[in-house]
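Novice: File model_39.cif follows (mmCIF, C-alpha atoms):
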data_data
#
loop_
_atom_site.group_PDB
_atom_site.id
_atom_site.type_symbol
_atom_site.label_atom_id
_atom_site.label_comp_id
_atom_site.auth_asym_id
_atom_site.auth_seq_id
_atom_site.Cartn_x
_atom_site.Cartn_y
_atom_site.Cartn_z
ATOM 1 C CA MET A 19 86.577 161.939 98.441
ATOM 2 C CA THR A 20 85.538 165.620 98.494
ATOM 3 C CA LEU A 21 82.157 166.775 97.238
ATOM 4 C CA ALA A 22 80.979 170.283 96.389
ATOM 5 C CA THR A 23 77.242 170.959 95.984
ATOM 6 C CA ASP A 24 74.797 173.830 95.703
ATOM 7 C CA GLY A 25 73.721 173.336 99.316
ATOM 8 C CA ALA A 26 70.021 172.840 98.528
ATOM 9 C CA ALA A 27 68.746 169.507 99.881
ATOM 10 C CA ASP A 28 71.617 167.517 98.429
ATOM 11 C CA SER A 29 71.885 163.752 98.898
ATOM 12 C CA LEU A 30 74.719 161.270 98.567
ATOM 13 C CA ASN A 31 74.830 157.507 98.015
ATOM 14 C CA VAL A 32 77.950 155.654 99.181
ATOM 15 C CA HIS A 33 78.420 151.968 98.351
ATOM 16 C CA LEU A 34 81.147 150.226 100.334
ATOM 17 C CA GLY A 35 82.576 146.842 99.393
ATOM 18 C CA SER A 36 82.290 144.770 96.249
ATOM 19 C CA ASP A 37 79.815 141.956 95.701
ATOM 20 C CA THR A 38 81.774 140.957 92.595
ATOM 21 C CA THR A 39 85.044 140.312 94.424
ATOM 22 C CA GLN A 40 83.381 139.579 97.780
ATOM 23 C CA SER A 41 85.658 142.119 99.459
ATOM 24 C CA ALA A 42 85.323 144.920 101.998
ATOM 25 C CA VAL A 43 86.825 148.398 101.971
ATOM 26 C CA THR A 44 88.364 150.130 104.974
ATOM 27 C CA GLY A 45 89.588 153.595 105.855
ATOM 28 C CA VAL A 46 87.196 155.449 103.530
ATOM 29 C CA THR A 47 86.919 159.214 104.153
ATOM 30 C CA VAL A 48 84.270 161.540 102.761
ATOM 31 C CA ASP A 49 84.314 165.354 102.837
ATOM 32 C CA ALA A 50 80.647 166.133 102.275
ATOM 33 C CA VAL A 51 80.022 169.191 104.412
ATOM 34 C CA GLU A 52 77.153 170.415 102.201
ATOM 35 C CA ILE A 53 75.262 167.101 102.042
ATOM 36 C CA GLU A 54 71.913 167.054 103.869
ATOM 37 C CA SER A 55 71.035 163.370 103.465
ATOM 38 C CA ALA A 56 73.077 160.272 102.737
ATOM 39 C CA LEU A 57 72.651 156.564 102.105
ATOM 40 C CA ILE A 58 75.394 154.077 102.860
ATOM 41 C CA ALA A 59 75.203 150.536 101.480
ATOM 42 C CA SER A 60 77.493 147.926 103.028
ATOM 43 C CA LYS A 61 78.233 145.172 100.504
ATOM 44 C CA GLY A 62 80.838 142.626 99.528
ATOM 45 C CA ALA A 63 82.219 141.313 102.811
ATOM 46 C CA ASP A 64 82.135 142.053 106.520
ATOM 47 C CA GLY A 65 84.408 144.791 107.794
ATOM 48 C CA ASN A 66 83.517 147.869 105.767
ATOM 49 C CA THR A 67 84.585 151.088 107.496
ATOM 50 C CA LEU A 68 83.923 154.734 106.788
ATOM 51 C CA THR A 69 86.363 156.311 109.196
ATOM 52 C CA ASP A 70 85.719 160.025 108.656
ATOM 53 C CA PHE A 71 82.516 161.394 107.156
ATOM 54 C CA GLU A 72 82.578 165.185 107.516
ATOM 55 C CA ALA A 73 78.876 165.872 107.863
ATOM 56 C CA ASP A 74 78.412 169.541 108.725
ATOM 57 C CA SER A 75 74.939 169.686 107.135
ATOM 58 C CA LEU A 76 73.808 166.077 107.446
ATOM 59 C CA THR A 77 70.377 165.596 109.002
ATOM 60 C CA GLU A 78 69.394 162.128 107.741
ATOM 61 C CA LEU A 79 71.488 158.980 107.329
ATOM 62 C CA THR A 80 70.097 155.744 105.872
ATOM 63 C CA ILE A 81 72.117 152.541 106.107
ATOM 64 C CA ILE A 82 71.381 149.366 104.147
ATOM 65 C CA GLY A 83 73.231 146.191 103.230
ATOM 66 C CA SER A 84 74.130 142.912 104.883
ATOM 67 C CA LYS A 85 77.822 143.244 105.776
ATOM 68 C CA THR A 86 79.205 144.530 109.061
ATOM 69 C CA LEU A 87 79.846 148.250 108.968
ATOM 70 C CA SER A 88 81.447 150.990 111.051
ATOM 71 C CA VAL A 89 80.651 154.642 110.320
ATOM 72 C CA THR A 90 82.166 157.686 112.055
ATOM 73 C CA LEU A 91 80.553 161.075 111.475
ATOM 74 C CA ASN A 92 82.522 164.210 112.308
ATOM 75 C CA ASP A 93 82.167 167.944 111.884
ATOM 76 C CA SER A 94 84.711 170.125 110.166
ATOM 77 C CA ALA A 95 86.557 173.022 111.753
ATOM 78 C CA ALA A 96 83.884 175.350 110.383
ATOM 79 C CA VAL A 97 81.113 174.158 112.726
ATOM 80 C CA ALA A 98 80.756 172.881 116.292
ATOM 81 C CA THR A 99 77.992 170.300 115.905
ATOM 82 C CA ILE A 100 76.296 168.018 113.378
ATOM 83 C CA PRO A 101 72.543 168.619 112.777
ATOM 84 C CA LEU A 102 71.895 164.868 112.460
ATOM 85 C CA THR A 103 68.440 163.812 113.688
ATOM 86 C CA THR A 104 67.843 160.404 112.072
ATOM 87 C CA VAL A 105 69.852 157.234 111.531
ATOM 88 C CA ASP A 106 67.567 154.755 109.794
ATOM 89 C CA ALA A 107 69.273 151.374 109.572
ATOM 90 C CA SER A 108 66.053 149.375 109.693
ATOM 91 C CA GLY A 109 66.952 147.937 106.285
ATOM 92 C CA PHE A 110 70.430 146.908 107.387
ATOM 93 C CA THR A 111 70.704 143.186 108.113
ATOM 94 C CA GLY A 112 74.382 142.716 108.925
ATOM 95 C CA ALA A 113 75.656 141.019 112.038
ATOM 96 C CA SER A 114 76.768 144.302 113.612
ATOM 97 C CA LEU A 115 76.587 148.035 113.011
ATOM 98 C CA THR A 116 78.692 150.755 114.638
ATOM 99 C CA VAL A 117 77.703 154.409 114.332
ATOM 100 C CA THR A 118 79.714 157.134 116.047
ATOM 101 C CA ALA A 119 78.424 160.715 115.953
ATOM 102 C CA VAL A 120 79.742 162.414 119.073
ATOM 103 C CA GLU A 121 79.137 165.906 117.657
ATOM 104 C CA ALA A 122 75.465 165.177 116.878
ATOM 105 C CA ASP A 123 73.782 167.383 119.497
ATOM 106 C CA SER A 124 70.299 167.844 118.044
ATOM 107 C CA GLY A 125 68.820 164.612 119.380
ATOM 108 C CA VAL A 126 69.130 161.539 117.173
ATOM 109 C CA THR A 127 66.635 158.740 116.534
ATOM 110 C CA VAL A 128 68.454 155.485 115.765
ATOM 111 C CA THR A 129 66.839 152.261 114.548
ATOM 112 C CA THR A 130 68.539 149.193 113.088
ATOM 113 C CA GLY A 131 67.803 145.753 111.709
ATOM 114 C CA SER A 132 71.260 144.420 112.594
ATOM 115 C CA ASP A 133 71.940 141.628 115.049
ATOM 116 C CA ALA A 134 73.922 143.987 117.309
ATOM 117 C CA LEU A 135 74.385 147.753 117.591
ATOM 118 C CA THR A 136 77.157 149.992 118.835
ATOM 119 C CA VAL A 137 76.194 153.668 118.816
ATOM 120 C CA THR A 138 77.612 156.843 120.309
ATOM 121 C CA VAL A 139 75.761 160.150 119.978
ATOM 122 C CA GLY A 140 76.032 163.570 121.566
ATOM 123 C CA ASP A 141 73.674 165.790 123.524
ATOM 124 C CA GLY A 142 69.966 166.181 122.912
ATOM 125 C CA ALA A 143 66.839 164.096 123.366
ATOM 126 C CA ASN A 144 68.117 160.951 121.703
ATOM 127 C CA ASP A 145 65.866 157.976 120.923
ATOM 128 C CA ILE A 146 67.857 154.762 120.517
ATOM 129 C CA THR A 147 66.364 151.350 119.733
ATOM 130 C CA GLY A 148 68.777 148.458 120.135
ATOM 131 C CA THR A 149 68.669 144.836 119.087
ATOM 132 C CA ALA A 150 68.368 141.331 120.493
ATOM 133 C CA GLY A 151 72.170 141.068 120.494
ATOM 134 C CA ASN A 152 74.941 142.556 122.610
ATOM 135 C CA ASP A 153 74.524 146.302 122.203
ATOM 136 C CA SER A 154 76.717 149.185 123.351
ATOM 137 C CA ILE A 155 74.879 152.508 123.578
ATOM 138 C CA THR A 156 76.377 155.811 124.759
ATOM 139 C CA THR A 157 74.544 159.130 124.804
ATOM 140 C CA GLY A 158 75.332 162.674 125.879
ATOM 141 C CA SER A 159 73.274 165.048 127.999
ATOM 142 C CA GLY A 160 69.558 165.188 127.359
ATOM 143 C CA ALA A 161 66.316 163.365 128.055
ATOM 144 C CA ASP A 162 67.172 160.153 126.227
ATOM 145 C CA THR A 163 64.929 157.164 125.558
ATOM 146 C CA ILE A 164 66.880 153.934 125.155
ATOM 147 C CA VAL A 165 65.365 150.501 124.542
ATOM 148 C CA SER A 166 67.353 147.324 123.994
ATOM 149 C CA TYR A 167 66.084 143.789 123.515
ATOM 150 C CA GLY A 168 67.906 140.763 124.910
ATOM 151 C CA GLY A 169 71.640 140.226 124.859
ATOM 152 C CA ASP A 170 74.257 141.530 127.247
ATOM 153 C CA ASP A 171 73.992 145.282 126.759
ATOM 154 C CA THR A 172 76.192 148.154 127.938
ATOM 155 C CA ILE A 173 74.335 151.451 128.221
ATOM 156 C CA VAL A 174 75.833 154.745 129.386
ATOM 157 C CA ALA A 175 73.483 157.726 129.416
ATOM 158 C CA GLY A 176 74.505 161.309 130.075
ATOM 159 C CA ASN A 177 72.875 163.887 132.314
ATOM 160 C CA GLY A 178 69.134 164.299 131.940
ATOM 161 C CA ALA A 179 65.854 162.580 132.691
ATOM 162 C CA ASN A 180 66.652 159.371 130.839
ATOM 163 C CA THR A 181 64.335 156.404 130.325
ATOM 164 C CA ILE A 182 66.308 153.202 129.839
ATOM 165 C CA THR A 183 64.791 149.766 129.239
ATOM 166 C CA ALA A 184 66.815 146.596 128.695
ATOM 167 C CA THR A 185 65.248 143.146 128.704
ATOM 168 C CA ASP A 186 66.707 139.845 129.921
ATOM 169 C CA GLY A 187 70.489 139.529 129.869
ATOM 170 C CA GLU A 188 73.575 140.556 131.797
ATOM 171 C CA ASN A 189 73.196 144.284 131.280
ATOM 172 C CA ASN A 190 75.493 147.058 132.489
ATOM 173 C CA VAL A 191 73.614 150.357 132.795
ATOM 174 C CA THR A 192 74.931 153.722 133.982
ATOM 175 C CA GLY A 193 72.717 156.782 134.346
ATOM 176 C CA GLY A 194 73.844 160.381 134.639
ATOM 177 C CA SER A 195 72.562 163.252 136.741
ATOM 178 C CA GLY A 196 68.808 163.616 136.523
ATOM 179 C CA VAL A 197 65.727 161.615 137.379
ATOM 180 C CA ASP A 198 66.436 158.425 135.445
ATOM 181 C CA THR A 199 64.012 155.539 135.055
ATOM 182 C CA ILE A 200 65.965 152.333 134.543
ATOM 183 C CA THR A 201 64.201 149.007 133.960
ATOM 184 C CA VAL A 202 66.018 145.759 133.231
ATOM 185 C CA GLY A 203 64.814 142.193 132.919
ATOM 186 C CA ASP A 204 66.037 138.962 134.451
ATOM 187 C CA GLY A 205 69.766 138.355 134.592
ATOM 188 C CA ASN A 206 72.870 139.446 136.439
ATOM 189 C CA ASN A 207 72.574 143.169 135.854
ATOM 190 C CA THR A 208 74.922 145.930 137.034
ATOM 191 C CA ILE A 209 73.245 149.316 137.466
ATOM 192 C CA ALA A 210 74.684 152.627 138.648
ATOM 193 C CA GLY A 211 72.316 155.533 139.120
ATOM 194 C CA GLY A 212 73.629 159.078 139.033
ATOM 195 C CA ALA A 213 72.511 162.144 140.941
ATOM 196 C CA GLY A 214 68.737 162.433 141.069
ATOM 197 C CA ALA A 215 65.715 160.566 142.396
ATOM 198 C CA ASP A 216 66.211 157.582 140.119
ATOM 199 C CA VAL A 217 63.693 154.771 139.784
ATOM 200 C CA ILE A 218 65.446 151.452 139.232
ATOM 201 C CA VAL A 219 63.636 148.165 138.627
ATOM 202 C CA ALA A 220 65.534 144.920 138.036
ATOM 203 C CA GLY A 221 64.171 141.437 137.456
ATOM 204 C CA ALA A 222 65.265 138.163 139.001
ATOM 205 C CA GLY A 223 68.997 137.516 139.130
ATOM 206 C CA ALA A 224 72.169 138.496 140.917
ATOM 207 C CA ASN A 225 71.799 142.231 140.398
ATOM 208 C CA THR A 226 74.377 144.770 141.578
ATOM 209 C CA ILE A 227 72.849 148.210 142.071
ATOM 210 C CA THR A 228 74.598 151.341 143.329
ATOM 211 C CA ASN A 229 73.075 154.705 144.212
ATOM 212 C CA THR A 230 75.633 157.416 144.921
ATOM 213 C CA SER A 231 73.397 160.475 145.078
ATOM 214 C CA GLY A 232 69.691 161.223 145.266
ATOM 215 C CA ASN A 233 66.626 159.682 146.837
ATOM 216 C CA ALA A 234 66.371 156.559 144.713
ATOM 217 C CA THR A 235 63.614 153.972 144.550
ATOM 218 C CA ILE A 236 65.167 150.566 143.941
ATOM 219 C CA THR A 237 63.251 147.330 143.343
ATOM 220 C CA ALA A 238 64.885 144.010 142.471
ATOM 221 C CA GLY A 239 63.403 140.552 142.089
ATOM 222 C CA SER A 240 64.396 137.222 143.549
ATOM 223 C CA GLY A 241 68.104 136.464 143.525
ATOM 224 C CA ASN A 242 71.314 137.299 145.301
ATOM 225 C CA ASN A 243 71.144 141.060 144.912
ATOM 226 C CA THR A 244 73.756 143.524 146.145
ATOM 227 C CA VAL A 245 72.543 147.078 146.714
ATOM 228 C CA THR A 246 74.744 149.924 147.911
ATOM 229 C CA ASN A 247 73.395 153.337 148.888
ATOM 230 C CA THR A 248 76.102 155.911 149.600
ATOM 231 C CA ALA A 249 73.884 159.006 149.717
ATOM 232 C CA GLY A 250 70.233 159.945 149.713
ATOM 233 C CA ASP A 251 67.088 158.711 151.426
ATOM 234 C CA SER A 252 66.366 155.678 149.297
ATOM 235 C CA THR A 253 63.577 153.119 149.280
ATOM 236 C CA ILE A 254 64.900 149.632 148.591
ATOM 237 C CA THR A 255 62.672 146.580 148.053
ATOM 238 C CA LEU A 256 64.251 143.211 147.292
ATOM 239 C CA GLY A 257 62.823 139.768 146.608
ATOM 240 C CA GLY A 258 63.725 136.441 148.128
ATOM 241 C CA GLY A 259 67.352 135.436 147.988
ATOM 242 C CA THR A 260 70.620 136.055 149.755
ATOM 243 C CA ASN A 261 70.630 139.832 149.451
ATOM 244 C CA THR A 262 73.422 142.163 150.570
ATOM 245 C CA VAL A 263 72.510 145.754 151.400
ATOM 246 C CA ASN A 264 75.126 148.383 152.281
ATOM 247 C CA LEU A 265 73.942 151.740 153.607
ATOM 248 C CA THR A 266 76.743 154.229 154.212
ATOM 249 C CA ALA A 267 74.684 157.434 154.382
ATOM 250 C CA GLY A 268 71.127 158.686 154.193
ATOM 251 C CA ASN A 269 67.896 157.686 155.884
ATOM 252 C CA SER A 270 66.730 154.713 153.855
ATOM 253 C CA THR A 271 63.835 152.271 154.032
ATOM 254 C CA VAL A 272 64.738 148.667 153.232
ATOM 255 C CA VAL A 273 62.401 145.698 152.789
ATOM 256 C CA THR A 274 63.823 142.295 151.873
ATOM 257 C CA GLY A 275 62.156 138.965 151.183
ATOM 258 C CA ASP A 276 62.839 135.514 152.562
ATOM 259 C CA GLY A 277 66.490 134.582 152.511
ATOM 260 C CA ALA A 278 69.671 134.942 154.505
ATOM 261 C CA ASP A 279 70.154 138.658 154.008
ATOM 262 C CA ASP A 280 73.232 140.633 155.045
ATOM 263 C CA ILE A 281 72.427 144.265 155.846
ATOM 264 C CA ASN A 282 75.238 146.621 156.817
ATOM 265 C CA ILE A 283 74.623 150.171 158.033
ATOM 266 C CA THR A 284 77.260 152.817 158.608
ATOM 267 C CA ALA A 285 75.194 155.920 159.292
ATOM 268 C CA GLY A 286 71.723 157.412 158.993
ATOM 269 C CA ASN A 287 68.355 156.739 160.575
ATOM 270 C CA ASN A 288 67.198 153.726 158.595
ATOM 271 C CA ASP A 289 64.065 151.559 158.692
ATOM 272 C CA ILE A 290 64.809 147.884 158.041
ATOM 273 C CA THR A 291 62.303 145.065 157.497
ATOM 274 C CA SER A 292 63.690 141.672 156.560
ATOM 275 C CA GLY A 293 61.600 138.622 155.787
ATOM 276 C CA GLY A 294 61.982 135.037 156.844
ATOM 277 C CA GLY A 295 65.505 133.705 156.859
ATOM 278 C CA ASN A 296 68.617 133.829 158.971
ATOM 279 C CA ASP A 297 69.530 137.459 158.511
ATOM 280 C CA THR A 298 72.617 139.330 159.678
ATOM 281 C CA ILE A 299 72.055 143.016 160.381
ATOM 282 C CA SER A 300 74.824 145.352 161.514
ATOM 283 C CA LEU A 301 73.666 148.780 162.637
ATOM 284 C CA GLY A 302 75.611 152.009 162.481
ATOM 285 C CA SER A 303 75.783 155.337 164.259
ATOM 286 C CA GLY A 304 72.199 156.476 163.667
ATOM 287 C CA ASN A 305 68.827 155.652 165.172
ATOM 288 C CA ASP A 306 67.649 152.652 163.174
ATOM 289 C CA THR A 307 64.410 150.684 163.377
ATOM 290 C CA VAL A 308 64.618 146.950 162.646
ATOM 291 C CA ASP A 309 62.019 144.235 162.137
ATOM 292 C CA ALA A 310 64.130 141.158 161.446
ATOM 293 C CA GLY A 311 61.212 138.828 160.659
ATOM 294 C CA ALA A 312 61.122 135.072 161.124
ATOM 295 C CA GLY A 313 64.312 133.057 161.320
ATOM 296 C CA THR A 314 67.405 132.913 163.470
ATOM 297 C CA ASP A 315 68.638 136.462 162.998
ATOM 298 C CA ALA A 316 71.774 138.186 164.263
ATOM 299 C CA VAL A 317 71.484 141.906 164.920
ATOM 300 C CA ASP A 318 74.599 143.819 165.927
ATOM 301 C CA PHE A 319 73.686 147.151 167.525
ATOM 302 C CA ARG A 320 76.876 147.773 169.429
ATOM 303 C CA SER A 321 77.221 151.138 167.667
ATOM 304 C CA ARG A 322 75.031 153.577 169.574
ATOM 305 C CA GLY A 323 72.987 156.284 167.927
ATOM 306 C CA ALA A 324 73.111 160.017 168.533
ATOM 307 C CA LEU A 325 73.128 161.072 172.200
ATOM 308 C CA GLY A 326 73.926 157.461 173.161
ATOM 309 C CA ARG A 327 70.487 156.132 172.178
ATOM 310 C CA ALA A 328 70.398 152.532 170.992
ATOM 311 C CA PRO A 329 68.643 151.646 167.743
ATOM 312 C CA SER A 330 65.071 150.363 168.012
ATOM 313 C CA LEU A 331 64.613 146.627 167.606
ATOM 314 C CA VAL A 332 61.005 145.793 166.809
ATOM 315 C CA PRO A 333 59.883 142.411 168.170
ATOM 316 C CA ARG A 334 57.728 140.169 166.003
ATOM 317 C CA GLN A 335 54.151 139.985 167.298
#
Any chance you could put this one into structure tokens?

Specialist:
Amino acid sequence: MTLATDGAADSLNVHLGSDTTQSAVTGVTVDAVEIESALIASKGADGNTLTDFEADSLTELTIIGSKTLSVTLNDSAAVATIPLTTVDASGFTGASLTVTAVEADSGVTVTTGSDALTVTVGDGANDITGTAGNDSITTGSGADTIVSYGGDDTIVAGNGANTITATDGENNVTGGSGVDTITVGDGNNTIAGGAGADVIVAGAGANTITNTSGNATITAGSGNNTVTNTAGDSTITLGGGTNTVNLTAGNSTVVTGDGADDINITAGNNDITSGGGNDTISLGSGNDTVDAGAGTDAVDFRSRGALGRAPSLVPRQ
């Protein structure tokens, strides 16, 4: 379908599916490069798809209906980006909604009433609100704000000072370059911070957290956490549980709770404090300071520090 308009605040209503025949429609394409606002209603049956909506002028998209829907917004060859700023699907009640707008680089606010959300947007200060289901959220560069409620969510944020919040569930969160703030609830979360002094807070559970660049601050609750720091002077605080900490570079400070922790150091001048429990601590090539706490601990300091100095082992008073 191709539409020509006068280019002055034009709007378009698209109804997909048929309530009469209880059927869905797929593969719909719309050439509406002069449309500024649009409403899409998903009716009939689950599985409606609008595969190519050329939206050179689109700033506002409203989605309603109760049947699962997938919408892909593209730009034409005449422009490089889509000026989209709002996707309002708060009146959509279907089981799942997928919105793809990779060329939307103006910062998009997305809200939905669906049970689950899959959304991909481009650069800009995006504001994405997920659902209580299993969401998949991908954003480009920019200072994004992403909130998701419950479910097992996958969140990938681009470069920028992102703020990401996901509640209880088995979440998989990846931050880009920039000072990200990542907060997740209880569950077996997997978190990868990018370059920057990220602040990562995870609740109770078997969390896996990796910092590959930047001076991160990492806090995780009780559970069998695994934290790996491959660069940067990080501060790592973990609750009770059988924690595993791997430090391959940087001068980090590590505090763990009660539990049989396994702390492995390759390099750097690190400060380690472990709580009660039978801990195993293997020191690397730097000058480390260790307070192993109560318990029957094993500390391997066969690797000497710089100039042949041994790491410092602090006795419990």

Novice: Can you give me, as a PDB file with C-alpha atoms, in the frame of the given file, the residues this file yields under the PyMOL selection byres ((chain A and resi 116) around 6)?

Specialist:
ATOM      1  CA  SER A  88      81.447 150.990 111.051  1.00  0.00           C
ATOM      2  CA  LEU A 115      76.587 148.035 113.011  1.00  0.00           C
ATOM      3  CA  VAL A 117      77.703 154.409 114.332  1.00  0.00           C
ATOM      4  CA  THR A 136      77.157 149.992 118.835  1.00  0.00           C
ATOM      5  CA  VAL A 137      76.194 153.668 118.816  1.00  0.00           C
TER       6      VAL A 137
END

Novice: Can you tell me, as an MDAnalysis selection string, what residues are no more than 12 Å from A:Gly223 when counting all atoms listed in the file, ignoring any on the same chain fewer than 2 positions away?

Specialist: chainID A and resid 186:189 202:208 219:221 225:227 238:244 256:261

Novice: Any chance you can output those residues with C-alpha atoms as a PDB file, in the frame of the given file?

Specialist:
ATOM      1  CA  ASP A 186      66.707 139.845 129.921  1.00  0.00           C
ATOM      2  CA  GLY A 187      70.489 139.529 129.869  1.00  0.00           C
ATOM      3  CA  GLU A 188      73.575 140.556 131.797  1.00  0.00           C
ATOM      4  CA  ASN A 189      73.196 144.284 131.280  1.00  0.00           C
ATOM      5  CA  VAL A 202      66.018 145.759 133.231  1.00  0.00           C
ATOM      6  CA  GLY A 203      64.814 142.193 132.919  1.00  0.00           C
ATOM      7  CA  ASP A 204      66.037 138.962 134.451  1.00  0.00           C
ATOM      8  CA  GLY A 205      69.766 138.355 134.592  1.00  0.00           C
ATOM      9  CA  ASN A 206      72.870 139.446 136.439  1.00  0.00           C
ATOM     10  CA  ASN A 207      72.574 143.169 135.854  1.00  0.00           C
ATOM     11  CA  THR A 208      74.922 145.930 137.034  1.00  0.00           C
ATOM     12  CA  VAL A 219      63.636 148.165 138.627  1.00  0.00           C
ATOM     13  CA  ALA A 220      65.534 144.920 138.036  1.00  0.00           C
ATOM     14  CA  GLY A 221      64.171 141.437 137.456  1.00  0.00           C
ATOM     15  CA  ASN A 225      71.799 142.231 140.398  1.00  0.00           C
ATOM     16  CA  THR A 226      74.377 144.770 141.578  1.00  0.00           C
ATOM     17  CA  ILE A 227      72.849 148.210 142.071  1.00  0.00           C
ATOM     18  CA  ALA A 238      64.885 144.010 142.471  1.00  0.00           C
ATOM     19  CA  GLY A 239      63.403 140.552 142.089  1.00  0.00           C
ATOM     20  CA  SER A 240      64.396 137.222 143.549  1.00  0.00           C
ATOM     21  CA  GLY A 241      68.104 136.464 143.525  1.00  0.00           C
ATOM     22  CA  ASN A 242      71.314 137.299 145.301  1.00  0.00           C
ATOM     23  CA  ASN A 243      71.144 141.060 144.912  1.00  0.00           C
ATOM     24  CA  THR A 244      73.756 143.524 146.145  1.00  0.00           C
ATOM     25  CA  LEU A 256      64.251 143.211 147.292  1.00  0.00           C
ATOM     26  CA  GLY A 257      62.823 139.768 146.608  1.00  0.00           C
ATOM     27  CA  GLY A 258      63.725 136.441 148.128  1.00  0.00           C
ATOM     28  CA  GLY A 259      67.352 135.436 147.988  1.00  0.00           C
ATOM     29  CA  THR A 260      70.620 136.055 149.755  1.00  0.00           C
ATOM     30  CA  ASN A 261      70.630 139.832 149.451  1.00  0.00           C
TER      31      ASN A 261
END

Novice: In Å to one decimal, how far is atom CA of A:Gly194 from atom CA of A:Asn247?

Specialist: 15.9 Å

Novice: What's the 12 Å shell around A:Val105, counting all atoms listed in the file, without same-chain residues fewer than 3 positions away, as a PDB file with C-alpha atoms, in the frame of the given file?

Specialist:
ATOM      1  CA  SER A  55      71.035 163.370 103.465  1.00  0.00           C
ATOM      2  CA  ALA A  56      73.077 160.272 102.737  1.00  0.00           C
ATOM      3  CA  LEU A  57      72.651 156.564 102.105  1.00  0.00           C
ATOM      4  CA  ILE A  58      75.394 154.077 102.860  1.00  0.00           C
ATOM      5  CA  LEU A  76      73.808 166.077 107.446  1.00  0.00           C
ATOM      6  CA  THR A  77      70.377 165.596 109.002  1.00  0.00           C
ATOM      7  CA  GLU A  78      69.394 162.128 107.741  1.00  0.00           C
ATOM      8  CA  LEU A  79      71.488 158.980 107.329  1.00  0.00           C
ATOM      9  CA  THR A  80      70.097 155.744 105.872  1.00  0.00           C
ATOM     10  CA  ILE A  81      72.117 152.541 106.107  1.00  0.00           C
ATOM     11  CA  ILE A  82      71.381 149.366 104.147  1.00  0.00           C
ATOM     12  CA  VAL A  89      80.651 154.642 110.320  1.00  0.00           C
ATOM     13  CA  LEU A  91      80.553 161.075 111.475  1.00  0.00           C
ATOM     14  CA  PRO A 101      72.543 168.619 112.777  1.00  0.00           C
ATOM     15  CA  LEU A 102      71.895 164.868 112.460  1.00  0.00           C
ATOM     16  CA  SER A 108      66.053 149.375 109.693  1.00  0.00           C
ATOM     17  CA  GLY A 109      66.952 147.937 106.285  1.00  0.00           C
ATOM     18  CA  PHE A 110      70.430 146.908 107.387  1.00  0.00           C
ATOM     19  CA  LEU A 115      76.587 148.035 113.011  1.00  0.00           C
ATOM     20  CA  THR A 116      78.692 150.755 114.638  1.00  0.00           C
ATOM     21  CA  VAL A 117      77.703 154.409 114.332  1.00  0.00           C
ATOM     22  CA  THR A 118      79.714 157.134 116.047  1.00  0.00           C
ATOM     23  CA  ALA A 119      78.424 160.715 115.953  1.00  0.00           C
ATOM     24  CA  ALA A 122      75.465 165.177 116.878  1.00  0.00           C
ATOM     25  CA  GLY A 125      68.820 164.612 119.380  1.00  0.00           C
ATOM     26  CA  VAL A 126      69.130 161.539 117.173  1.00  0.00           C
ATOM     27  CA  THR A 127      66.635 158.740 116.534  1.00  0.00           C
ATOM     28  CA  VAL A 128      68.454 155.485 115.765  1.00  0.00           C
ATOM     29  CA  THR A 129      66.839 152.261 114.548  1.00  0.00           C
ATOM     30  CA  THR A 130      68.539 149.193 113.088  1.00  0.00           C
ATOM     31  CA  GLY A 131      67.803 145.753 111.709  1.00  0.00           C
ATOM     32  CA  VAL A 137      76.194 153.668 118.816  1.00  0.00           C
ATOM     33  CA  THR A 138      77.612 156.843 120.309  1.00  0.00           C
ATOM     34  CA  VAL A 139      75.761 160.150 119.978  1.00  0.00           C
ATOM     35  CA  ASN A 144      68.117 160.951 121.703  1.00  0.00           C
ATOM     36  CA  ASP A 145      65.866 157.976 120.923  1.00  0.00           C
ATOM     37  CA  ILE A 146      67.857 154.762 120.517  1.00  0.00           C
ATOM     38  CA  THR A 147      66.364 151.350 119.733  1.00  0.00           C
TER      39      THR A 147
END

Novice: Can you tell me which residues surround A:Ser114 at a distance of at most 6 Å, considering all atoms listed in the file, apart from same-chain residues fewer than 5 positions away, and format the answer as a list of chain:residue names?

Specialist: A:Thr86, A:Ser132, A:Asp133, A:Ala134, A:Leu135

Novice: To one decimal in Å, tell me the separation between atom CA of A:Asp93 and atom CA of A:Ser195.

Specialist: 27.1 Å

Novice: At what distance in Å, to one decimal, does atom CA of A:Val273 lie from atom CA of A:Ala215?

Specialist: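 Going from atom CA of A:Ala215 over to atom CA of A:Val273 covers 18.4 Å.
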
Novice: So which residues get picked by the PyMOL selection byres ((chain A and resi 96) around 12) here, written as a PyMOL selection string?

Specialist: chain A and resi 51-52+72-75+92-95+97-100

Novice: Any chance you can output those residues with C-alpha atoms as a PDB file, keeping the file's coordinate frame?

Specialist:
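Written output follows (part_31.pdb):
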ATOM      1  CA  VAL A  51      80.022 169.191 104.412  1.00  0.00           C
ATOM      2  CA  GLU A  52      77.153 170.415 102.201  1.00  0.00           C
ATOM      3  CA  GLU A  72      82.578 165.185 107.516  1.00  0.00           C
ATOM      4  CA  ALA A  73      78.876 165.872 107.863  1.00  0.00           C
ATOM      5  CA  ASP A  74      78.412 169.541 108.725  1.00  0.00           C
ATOM      6  CA  SER A  75      74.939 169.686 107.135  1.00  0.00           C
ATOM      7  CA  ASN A  92      82.522 164.210 112.308  1.00  0.00           C
ATOM      8  CA  ASP A  93      82.167 167.944 111.884  1.00  0.00           C
ATOM      9  CA  SER A  94      84.711 170.125 110.166  1.00  0.00           C
ATOM     10  CA  ALA A  95      86.557 173.022 111.753  1.00  0.00           C
ATOM     11  CA  VAL A  97      81.113 174.158 112.726  1.00  0.00           C
ATOM     12  CA  ALA A  98      80.756 172.881 116.292  1.00  0.00           C
ATOM     13  CA  THR A  99      77.992 170.300 115.905  1.00  0.00           C
ATOM     14  CA  ILE A 100      76.296 168.018 113.378  1.00  0.00           C
TER      15      ILE A 100
END
